[in-house]
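Visitor: The following block contains the structure, expressed as C-alpha cells.
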Amino acid sequence: MIKWLFLIHFFYTKTMLTLTSLIIAAAVIIGLLVLCFVLPHPITWLMTLIMLALTLFVLWPKYQGQQQAMAHGEVIEAAVSEVRHWNRKQSDTIIDRYEIIALAPNPNTGKMQKFVSPPMSADPKPYLGDTVKVKVDWSNPNAYVMDISFLPFQVP
C-alpha cells in the first residue's frame, strides 16, 4: 500500500499534467465510489479518500499552477546544474530515469530557485546546453513549466 501511495505521489508531483489527467483521476474516484457501495469495506472507503485527497490537494493545485505559469509566466533561461539519474524496477526489468535540474535566481527573494523537469526514459545530457528555458510565474515560483521540446525523444 505504501509503495502504491509513493508511486501515485511521484506521478502527481513530477509529471506535466493535462486536463486528461484530471478526467482520469475523476473517473477513478467515481469508480472507487461505486466500489464502496458494491463492496462496503473500510479499505474501499480508505482507497477512495486517499485518491480524493491526492486529486484535490496534489493533482489539482499542480494543474492550476502549470496553467498559471503558461498564462502569466515569463520565459527565463535557467542554468542547468545537473542531470539526475536513478533506476526503477518494473516487473523483472530495471528502467533508467532522468531529470534535468536547473537553477535561476528568484528576482523577488534573491535566492536560487530550483526547477525540475518531468522524468524521462532517455539521457538528455547529449542534447543539453548550459541553459534551459523555463516559463515561471514569480508570484508563485512553484508554478513553472520547463521547455524540453528541444529533446529528440518524447517525454511521457
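Going by the C-alpha cells order, chains are called A, B, ..., each with residues numbered from 1, while ligands are numbered from 1 in the order shown.
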Write out as a list in words each polymer residue whose atoms come within 12 Å of stretch 87-92 of chain A, counting only C-alpha atoms; drop sequence neighbours fewer than 3 positions from it.
Guide: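 Listed by chain and then number, they are Leu7, Arg84, Ile95, Asp96, Arg97, Tyr98, Glu99, Pro119, Met120, Ser121 and Ala122 of chain A.
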Visitor: Would you mind exporting the chosen residues as a short mmCIF file (atom, residue, chain, number, x, y, z; two decimals), in the first residue's frame, restricted to C-alpha atoms?
Guide:
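Result file follows (out.cif):
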```
data_model
loop_
_atom_site.label_atom_id
_atom_site.label_comp_id
_atom_site.auth_asym_id
_atom_site.auth_seq_id
_atom_site.Cartn_x
_atom_site.Cartn_y
_atom_site.Cartn_z
CA LEU A 7 4.17 5.89 -6.89
CA ARG A 84 19.73 13.36 -12.05
CA ILE A 95 14.32 1.16 -16.09
CA ASP A 96 16.63 4.17 -16.17
CA ARG A 97 15.04 7.54 -15.41
CA TYR A 98 16.49 11.04 -15.82
CA GLU A 99 15.54 14.55 -14.70
CA PRO A 119 11.19 12.25 -15.55
CA MET A 120 12.31 10.85 -18.89
CA SER A 121 13.49 7.45 -20.04
CA ALA A 122 16.41 8.64 -22.21
#
```
Visitor: Where does stretch 55-104 of chain A meet stretch 23-43 of chain A within 12 Å, residue by residue, with the nearest atom pair and distance in Å to one decimal for each, counting only C-alpha atoms, listed by chain and rising number, as a Markdown table?
Guide:
```
| residue | atom | partner | partner_atom | distance |
| --- | --- | --- | --- | --- |
| A:Thr55 | CA | A:Ala25 | CA | 6.8 |
| A:Leu56 | CA | A:Ala25 | CA | 10.0 |
| A:Val58 | CA | A:Ala25 | CA | 11.5 |
| A:Leu59 | CA | A:Ala25 | CA | 8.7 |
| A:Trp60 | CA | A:Ala25 | CA | 9.9 |
| A:Tyr63 | CA | A:Ile23 | CA | 11.9 |
```
Visitor: Take the residues that were just selected and, keeping C-alpha atoms, output them as a PDB file, in the first residue's frame.
Guide:
```pdb
ATOM      1  CA  THR A  55      -6.542  14.675  -6.507  1.00  0.00           C
ATOM      2  CA  LEU A  56      -7.742  17.681  -4.505  1.00  0.00           C
ATOM      3  CA  VAL A  58      -1.797  17.473  -5.139  1.00  0.00           C
ATOM      4  CA  LEU A  59      -3.084  16.993  -8.676  1.00  0.00           C
ATOM      5  CA  TRP A  60      -5.476  19.946  -8.911  1.00  0.00           C
ATOM      6  CA  TYR A  63      -2.505  21.586 -12.748  1.00  0.00           C
TER       7      TYR A  63
END
```
Visitor: Give me the residues near A:Asp130 as a list in words, where near means some atom within 9 Å (using only C-alpha atoms) and where sequence neighbours in that chain fewer than 3 positions away do not count.
Guide: Ala78, Ala79, Val80 and Ser81 of chain A
Visitor: Using atom CA of A:Ser149 and atom CA of A:Val132 as the two end points, give the distance in Å to one decimal.
Guide: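 Taking atom CA of A:Ser149 as the start and atom CA of A:Val132 as the end point, the length is 10.3 Å.
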Visitor: I want to know what sits within 10 Å of A:Tyr127, based on only C-alpha atoms, with residues of the same chain fewer than 2 positions away left out; could you give that as a list of chain:residue names?
Guide: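 Skipping anything fewer than 2 positions along the chain leaves A:Asp123, A:Pro124, A:Lys125, A:Gly129, A:Phe150, A:Leu151, A:Pro152.
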Visitor: Just how far from atom CA of A:Ala69 is atom CA of A:Thr131, in Å to one decimal?
Guide: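 Between these atoms lies a distance of 19.0 Å.
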